[in-house]
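Down below is the structure, laid out as structure tokens.
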Amino acid sequence: MAPSPSVSVWAFAFSLCLGVTRCYLSIPLKIYTGKYNVSSGAEVTPLRLVALTSDGNGLSLASDPTGTVNFLDLVNNMLGDSGRGYYIEMSIGTPGQKLNILVDTGSSNFAVAAAPHPFITHYFNTALSSTYVSTGRTVAVRYTQGNWEGDLGIDLVSIPKGPNGSIPINIAAILSSDGFFLPGVNWQGILGLAYPMLARPDSSVEPFFNSVVKQLGIPDIFSLQMCGAGLSASSTADPAGGSLIMGGAEPTLYRGVMWYTPIIEEWYYQVEVLKLEVGDQNLDLDCREYNMDKAIVDSGTTLLRLPVNVFNAVVDAITRSSLIQDFSSGFWDGTKLACWMKGETPWRFFPKLSIYLRATNTSQSFRITILPQLYIQPITDVDGTLDCFRFGVSSSANGLVIGATVMEGFYVVFDRAQRRLGFALSSCAVSGGEALSEIAGPFSAADVATDCSSGVLKEPLLWMISYALMAVCAVVLIVLLLLLVLPCRCRNRSGEITDESSLVRHRIK
């Protein structure tokens with residue numbers, strides 16, 4: 001999955017409906033360029049060991065603040081928001097060159113800009129690093145939106161506000177791209193935190209976090225808190241923050257109980273969705289619909305993305321339950337914004353959205369719920385009189401994606417060591433004293449199939465089938481070409497070769 005950049009917006013009035021309590025307007029979306037502020041030059045710090053304790057369930061927690069390391073040192077080490085992506089500062093090469101790198105749990109390559117691009121003002125200059133070594137291999141990666149090509153290399157990498165130490169890491173030096181770097185973003189690379197199966201050009205390219213676990217000896221766990229809930233994606237003020245905790249979880253970043261769901265397969269962080277609710281309405285779809293062709297948790301995707309049938313059912317349910325009936329279809333498909341008079345918040349007009357995930361006790365499930373403040377997202381204002389919002393849910397042709405729209409409501413633990421994902425209420429998902437997310441359980445899973453992801457073809461298998469079909473087609477095509485080009489020289493009963501048995505009679509004379 002891939003980073004889905006959100007956009008800042010230029011807007012003009014399209015239609016205006018006035019009422020006693022609200023003002024509604026829909027306007028088309030456009031992109032405009034943003035500004036950048038990136039520094040460079042960093043010293044590599046010496047290696048620091050990690051001291052961790054356990055919560056009794058195998059989850060690594062921060063040690064005593066006076067100990068060797070404290071996860072509080074890593075808190076607020078990310079900047080960004082759901083629209084423009086969350087990024088962390090990293091130092092690459094010798095001497096260190098600082099870049100902002102997008103944190104993406106939906107891919108596995110660590111890639112940085114290594115050539116000028118009109119939308120970035122800073123890039124990794126491999127010629128200035130005395131420790132950069134090219135592997136002589138090229139690599140290309142395509143995401144849901146955008147793609148890039150470059151060269152593979154190895155260099156020393158450190159995170160100023162991360163596990164202490166500088167280690168050699170596989171790096172893709174991006175030399176060309178299309179739709180990957182966009183106006184308004186403040187990052188110059190991508191940090192893929194998924195499994196080796198997604199690495200390109202093949203799984204022999206060890207992903208960043210695998211290298212960190214192996215070389216620094218930290219537990220195979222990381223966790224994310226993304227704190228942009230309710231903030232405008234077009235704000236020119238300092239972006240919201242967040243935390244990427246490598247090696248465990250920081251208890252101060254979440255409230256209440258941590259609920260776990262199994263990782264179904266180790267490529268993306270694939271989970272099993274059992275059902276969806278809009279308000280108190282169960283969509284009542286076969287659970288396989290939610291997992292077609294996969295259901296994943298991806299910090300690099302902006303929105304909550306749903307398979308087409310599920311998306312249509314959600315929109316229908318919201319329309320039925322919303323207090324506003326006359327929405328333009330452009331609002332639902334993401335081409336228009338909905339606007340209200342400044343100060344008139346629209347969230348009371350919309351229902352909550354709930355996702356049920358299978359629990360580690362597979363006969364049970366738990367429910368994560370987001371309030372309208374998370375999926376009806378502020379974007380911009382018009383002439384200081386209107387506040388405009390977008391729909392934070394979209395349709396998807398390649399599976400259900402729990403993106404930043406949902407993740408901003410929760411502290412998410414990627415417990416790779418025990419092959420599970422943890423969800424708890426995020427301590428920063430609060431607005432005006434009101435929690436923007438809810439979590440509850442356990443619930444019985446007896447009313448759904450025992451395996452909602454069965455019968456779903458995985459992408460690697462689909463690629464293999466595609467390649468096999470292409471090979472068969474190529475063989476058939478070659479045979480047909482040979483039949484067309486080479487004469488079919490057959491013998492008659494007397495053994496003589498005649499023109500009647502050749503292609504001569506079919507030629508134009």
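Chain labels run A, B, ... following the order of the structure tokens; each chain numbers its residues from 1, and ligands are numbered from 1 in the order shown.
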
Spatial neighbours of stretch 393-410 of chain A, 7 Å, only C-alpha atoms, chain gap at least 3 places, as a ChimeraX atom specification: /A:82,225-229,290-308,311,333,370,374-375,423-426,429,436-437

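For A:Arg390, the non-local neighbours within 10 Å, defined as residues at least 4 positions apart in the same chain or in other chains and counting only C-alpha atoms, are Ser26, Ile27, Leu29, Phe331, Trp332, Asp333, Gly334, Thr335, Lys336, Leu337, Ala338, Cys339, Tyr375, Ile376, Gln377, Pro378, Ile379 and Thr380 of chain A.
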
Could you dump the residues just selected with N, CA, C and O atoms as a PDB file, in the first residue's frame?
ATOM      1  N   SER A  26     -20.528  22.551  -1.940  1.00  0.00           N
ATOM      2  CA  SER A  26     -19.568  21.589  -2.485  1.00  0.00           C
ATOM      3  C   SER A  26     -18.674  22.293  -3.490  1.00  0.00           C
ATOM      4  O   SER A  26     -19.137  23.094  -4.286  1.00  0.00           O
ATOM      5  N   ILE A  27     -17.363  21.983  -3.418  1.00  0.00           N
ATOM      6  CA  ILE A  27     -16.391  22.630  -4.285  1.00  0.00           C
ATOM      7  C   ILE A  27     -15.400  21.589  -4.787  1.00  0.00           C
ATOM      8  O   ILE A  27     -15.155  20.588  -4.138  1.00  0.00           O
ATOM      9  N   LEU A  29     -11.832  19.795  -5.862  1.00  0.00           N
ATOM     10  CA  LEU A  29     -10.516  19.740  -5.246  1.00  0.00           C
ATOM     11  C   LEU A  29      -9.444  20.117  -6.252  1.00  0.00           C
ATOM     12  O   LEU A  29      -9.495  19.731  -7.412  1.00  0.00           O
ATOM     13  N   PHE A 331     -18.895  14.596  -3.316  1.00  0.00           N
ATOM     14  CA  PHE A 331     -18.344  14.553  -1.968  1.00  0.00           C
ATOM     15  C   PHE A 331     -17.914  13.137  -1.621  1.00  0.00           C
ATOM     16  O   PHE A 331     -16.852  12.909  -1.047  1.00  0.00           O
ATOM     17  N   TRP A 332     -18.732  12.161  -1.995  1.00  0.00           N
ATOM     18  CA  TRP A 332     -18.425  10.773  -1.660  1.00  0.00           C
ATOM     19  C   TRP A 332     -17.263  10.229  -2.485  1.00  0.00           C
ATOM     20  O   TRP A 332     -16.472   9.423  -1.980  1.00  0.00           O
ATOM     21  N   ASP A 333     -17.151  10.655  -3.746  1.00  0.00           N
ATOM     22  CA  ASP A 333     -16.056  10.110  -4.573  1.00  0.00           C
ATOM     23  C   ASP A 333     -14.773  10.931  -4.479  1.00  0.00           C
ATOM     24  O   ASP A 333     -13.791  10.641  -5.160  1.00  0.00           O
ATOM     25  N   GLY A 334     -14.759  11.960  -3.614  1.00  0.00           N
ATOM     26  CA  GLY A 334     -13.527  12.687  -3.344  1.00  0.00           C
ATOM     27  C   GLY A 334     -13.200  13.811  -4.293  1.00  0.00           C
ATOM     28  O   GLY A 334     -12.122  14.402  -4.211  1.00  0.00           O
ATOM     29  N   THR A 335     -14.120  14.173  -5.191  1.00  0.00           N
ATOM     30  CA  THR A 335     -13.835  15.243  -6.141  1.00  0.00           C
ATOM     31  C   THR A 335     -14.356  16.601  -5.677  1.00  0.00           C
ATOM     32  O   THR A 335     -14.024  17.622  -6.272  1.00  0.00           O
ATOM     33  N   LYS A 336     -15.175  16.611  -4.613  1.00  0.00           N
ATOM     34  CA  LYS A 336     -15.702  17.876  -4.106  1.00  0.00           C
ATOM     35  C   LYS A 336     -15.620  17.915  -2.590  1.00  0.00           C
ATOM     36  O   LYS A 336     -15.593  16.877  -1.926  1.00  0.00           O
ATOM     37  N   LEU A 337     -15.558  19.123  -2.070  1.00  0.00           N
ATOM     38  CA  LEU A 337     -15.584  19.341  -0.627  1.00  0.00           C
ATOM     39  C   LEU A 337     -16.984  19.764  -0.195  1.00  0.00           C
ATOM     40  O   LEU A 337     -17.763  20.283  -0.989  1.00  0.00           O
ATOM     41  N   ALA A 338     -17.273  19.542   1.057  1.00  0.00           N
ATOM     42  CA  ALA A 338     -18.518  20.044   1.646  1.00  0.00           C
ATOM     43  C   ALA A 338     -18.145  21.158   2.615  1.00  0.00           C
ATOM     44  O   ALA A 338     -17.233  21.005   3.416  1.00  0.00           O
ATOM     45  N   CYS A 339     -18.862  22.287   2.524  1.00  0.00           N
ATOM     46  CA  CYS A 339     -18.509  23.458   3.328  1.00  0.00           C
ATOM     47  C   CYS A 339     -19.691  23.950   4.153  1.00  0.00           C
ATOM     48  O   CYS A 339     -20.842  23.886   3.719  1.00  0.00           O
ATOM     49  N   TYR A 375     -13.198  11.015  10.077  1.00  0.00           N
ATOM     50  CA  TYR A 375     -13.393  10.733   8.644  1.00  0.00           C
ATOM     51  C   TYR A 375     -14.085  11.865   7.880  1.00  0.00           C
ATOM     52  O   TYR A 375     -14.148  11.827   6.648  1.00  0.00           O
ATOM     53  N   ILE A 376     -14.604  12.865   8.567  1.00  0.00           N
ATOM     54  CA  ILE A 376     -15.048  14.099   7.906  1.00  0.00           C
ATOM     55  C   ILE A 376     -13.974  15.127   8.240  1.00  0.00           C
ATOM     56  O   ILE A 376     -13.975  15.739   9.306  1.00  0.00           O
ATOM     57  N   GLN A 377     -13.039  15.307   7.309  1.00  0.00           N
ATOM     58  CA  GLN A 377     -11.758  15.940   7.638  1.00  0.00           C
ATOM     59  C   GLN A 377     -11.666  17.382   7.148  1.00  0.00           C
ATOM     60  O   GLN A 377     -11.931  17.657   5.972  1.00  0.00           O
ATOM     61  N   PRO A 378     -11.300  18.315   8.046  1.00  0.00           N
ATOM     62  CA  PRO A 378     -11.143  19.718   7.635  1.00  0.00           C
ATOM     63  C   PRO A 378      -9.997  19.874   6.650  1.00  0.00           C
ATOM     64  O   PRO A 378      -8.922  19.301   6.827  1.00  0.00           O
ATOM     65  N   ILE A 379     -10.246  20.656   5.604  1.00  0.00           N
ATOM     66  CA  ILE A 379      -9.239  20.849   4.565  1.00  0.00           C
ATOM     67  C   ILE A 379      -8.824  22.311   4.440  1.00  0.00           C
ATOM     68  O   ILE A 379      -7.659  22.652   4.488  1.00  0.00           O
ATOM     69  N   THR A 380      -9.779  23.197   4.293  1.00  0.00           N
ATOM     70  CA  THR A 380      -9.444  24.608   4.065  1.00  0.00           C
ATOM     71  C   THR A 380     -10.644  25.478   4.399  1.00  0.00           C
ATOM     72  O   THR A 380     -11.716  24.983   4.721  1.00  0.00           O
TER      73      THR A 380
END

A:Gly242 environment, 9 Å, only C-alpha atoms, sequence neighbours closer than 4 positions dropped, as a ChimeraX atom specification: /A:75-81,86-87,224-228,428

Resulting file, chosen residues, C-alpha atoms, as a PDB file, in the first residue's frame:
ATOM      1  CA  VAL A  75       8.109  10.418  21.774  1.00  0.00           C
ATOM      2  CA  ASN A  76       7.142  13.083  19.216  1.00  0.00           C
ATOM      3  CA  ASN A  77       9.895  12.035  16.806  1.00  0.00           C
ATOM      4  CA  MET A  78       7.502  12.300  13.838  1.00  0.00           C
ATOM      5  CA  LEU A  79       5.900  15.264  12.114  1.00  0.00           C
ATOM      6  CA  GLY A  80       3.115  15.431   9.548  1.00  0.00           C
ATOM      7  CA  ASP A  81      -0.581  14.613   9.279  1.00  0.00           C
ATOM      8  CA  TYR A  86       3.896  11.275   8.785  1.00  0.00           C
ATOM      9  CA  TYR A  87       7.667  11.489   8.522  1.00  0.00           C
ATOM     10  CA  LEU A 224       2.941   4.172  16.034  1.00  0.00           C
ATOM     11  CA  GLN A 225       1.008   7.122  17.373  1.00  0.00           C
ATOM     12  CA  MET A 226      -0.232   9.626  14.763  1.00  0.00           C
ATOM     13  CA  CYS A 227      -1.573  12.867  16.220  1.00  0.00           C
ATOM     14  CA  GLY A 228      -3.158  14.792  13.348  1.00  0.00           C
ATOM     15  CA  CYS A 428      -3.699  12.312  21.501  1.00  0.00           C
TER      16      CYS A 428
END

Residues of stretch 78-233 of chain A classed as strand (DSSP E) by DSSP on the backbone are to be reported as a PyMOL selection string. chain A and resi 78-81+85-92+97-104+110-113+133-142+147-158+167-178+189-192+221-226

Applying 10 Å and only C-alpha atoms, which residues near stretch 280-286 of chain A remain after dropping the ones on its own chain fewer than 4 positions away? List them as a count of residues only. 20

Give me, as a PyMOL selection string, the residues of stretch 244-453 of chain A that a backbone DSSP run labels alpha helix (DSSP H). chain A and resi 287-290+308-321+329-332+372-375+404-407

Identify, on the basis of only C-alpha atoms, every residue whose closest approach to A:Gln188 does not exceed 9 Å; exclude the query and any residue fewer than 4 positions from it along the same chain; express the result as a ChimeraX atom specification. /A:99-102,111-113,120-124,181

For A:Ser166, the nearest of the candidates A:Pro116, A:Pro196, A:Gly217, A:Gly96, counting only C-alpha atoms: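 Of the candidates, the smallest distance to A:Ser166 is held by A:Gly96.
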
In terms of the shortest atom-to-atom distance over only C-alpha atoms, which of A:Ala114, A:Ile439, A:Val157, A:Ile218 is closest to A:Ile174?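 Among A:Ala114, A:Ile439, A:Val157, A:Ile218, it is A:Ala114 that comes nearest to A:Ile174.
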
Enter the distance from atom CA of A:Glu250 to atom CA of A:Val273, in Å, rounded to one decimal.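 Interatomic distance here is 26.3 Å.
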
Between A:Ser158, A:Ser134, A:Thr126, A:Gln418, which residue has the minimum interatomic distance to A:Val212, considering only C-alpha atoms?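 Under the stated criterion, the closest residue is A:Ser158.
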
Looking at A:Ala249, A:Ala240, A:Met258, A:Val103, which one is nearest to A:Phe209, with distances taken over only C-alpha atoms?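 With only C-alpha atoms as the atom set, the closest residue is A:Val103.
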
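Residue nearest A:Gly192 within the list A:Ala173, A:Ala445, A:Gly106, A:Asp451: A:Gly106 [criterion: smallest interatomic distance, only C-alpha atoms].
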
Shell of 10 Å around A:Ser322, only C-alpha atoms, local chain residues under 6 positions omitted, as a list of chain:residue names: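 Close residues of A:Ser322: A:Gly279, A:Asp316, A:Trp347, A:Arg348, A:Phe349, A:Phe350, A:Pro351.
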
Generate a file of the selected residues that holds N, CA, C and O atoms, formatted as a PDB file, in the first residue's frame.
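For reference, again_25.pdb as written:
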ATOM      1  N   GLY A 279     -22.867   3.718  12.402  1.00  0.00           N
ATOM      2  CA  GLY A 279     -23.737   3.960  13.538  1.00  0.00           C
ATOM      3  C   GLY A 279     -24.021   2.624  14.200  1.00  0.00           C
ATOM      4  O   GLY A 279     -23.111   1.880  14.535  1.00  0.00           O
ATOM      5  N   ASP A 316     -24.218   4.326   1.337  1.00  0.00           N
ATOM      6  CA  ASP A 316     -25.684   4.209   1.430  1.00  0.00           C
ATOM      7  C   ASP A 316     -26.139   4.303   2.886  1.00  0.00           C
ATOM      8  O   ASP A 316     -27.124   4.983   3.197  1.00  0.00           O
ATOM      9  N   TRP A 347     -19.908  17.568  12.216  1.00  0.00           N
ATOM     10  CA  TRP A 347     -19.756  16.194  12.682  1.00  0.00           C
ATOM     11  C   TRP A 347     -21.022  15.627  13.309  1.00  0.00           C
ATOM     12  O   TRP A 347     -21.236  14.421  13.281  1.00  0.00           O
ATOM     13  N   ARG A 348     -21.868  16.502  13.872  1.00  0.00           N
ATOM     14  CA  ARG A 348     -23.084  16.001  14.509  1.00  0.00           C
ATOM     15  C   ARG A 348     -24.068  15.444  13.489  1.00  0.00           C
ATOM     16  O   ARG A 348     -25.034  14.771  13.841  1.00  0.00           O
ATOM     17  N   PHE A 349     -23.811  15.705  12.197  1.00  0.00           N
ATOM     18  CA  PHE A 349     -24.707  15.209  11.160  1.00  0.00           C
ATOM     19  C   PHE A 349     -24.362  13.797  10.697  1.00  0.00           C
ATOM     20  O   PHE A 349     -25.056  13.228   9.856  1.00  0.00           O
ATOM     21  N   PHE A 350     -23.243  13.249  11.193  1.00  0.00           N
ATOM     22  CA  PHE A 350     -22.749  11.980  10.673  1.00  0.00           C
ATOM     23  C   PHE A 350     -22.638  10.927  11.770  1.00  0.00           C
ATOM     24  O   PHE A 350     -22.427  11.252  12.942  1.00  0.00           O
ATOM     25  N   PRO A 351     -22.717   9.643  11.390  1.00  0.00           N
ATOM     26  CA  PRO A 351     -22.627   8.554  12.375  1.00  0.00           C
ATOM     27  C   PRO A 351     -21.185   8.116  12.629  1.00  0.00           C
ATOM     28  O   PRO A 351     -20.257   8.501  11.901  1.00  0.00           O
TER      29      PRO A 351
END

Calculate how many Å separate atom CA of A:Thr319 from atom CA of A:Gly392, rounding to one decimal. 14.9 Å

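Counting only C-alpha atoms, the residue from A:Gly247, A:Asp151, A:Phe391, A:Thr105 that sits nearest to A:Asp220 is A:Gly247.
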
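Relative to atom CA of A:Gly422, atom CA of A:Glu89 is found at 25.1 Å.
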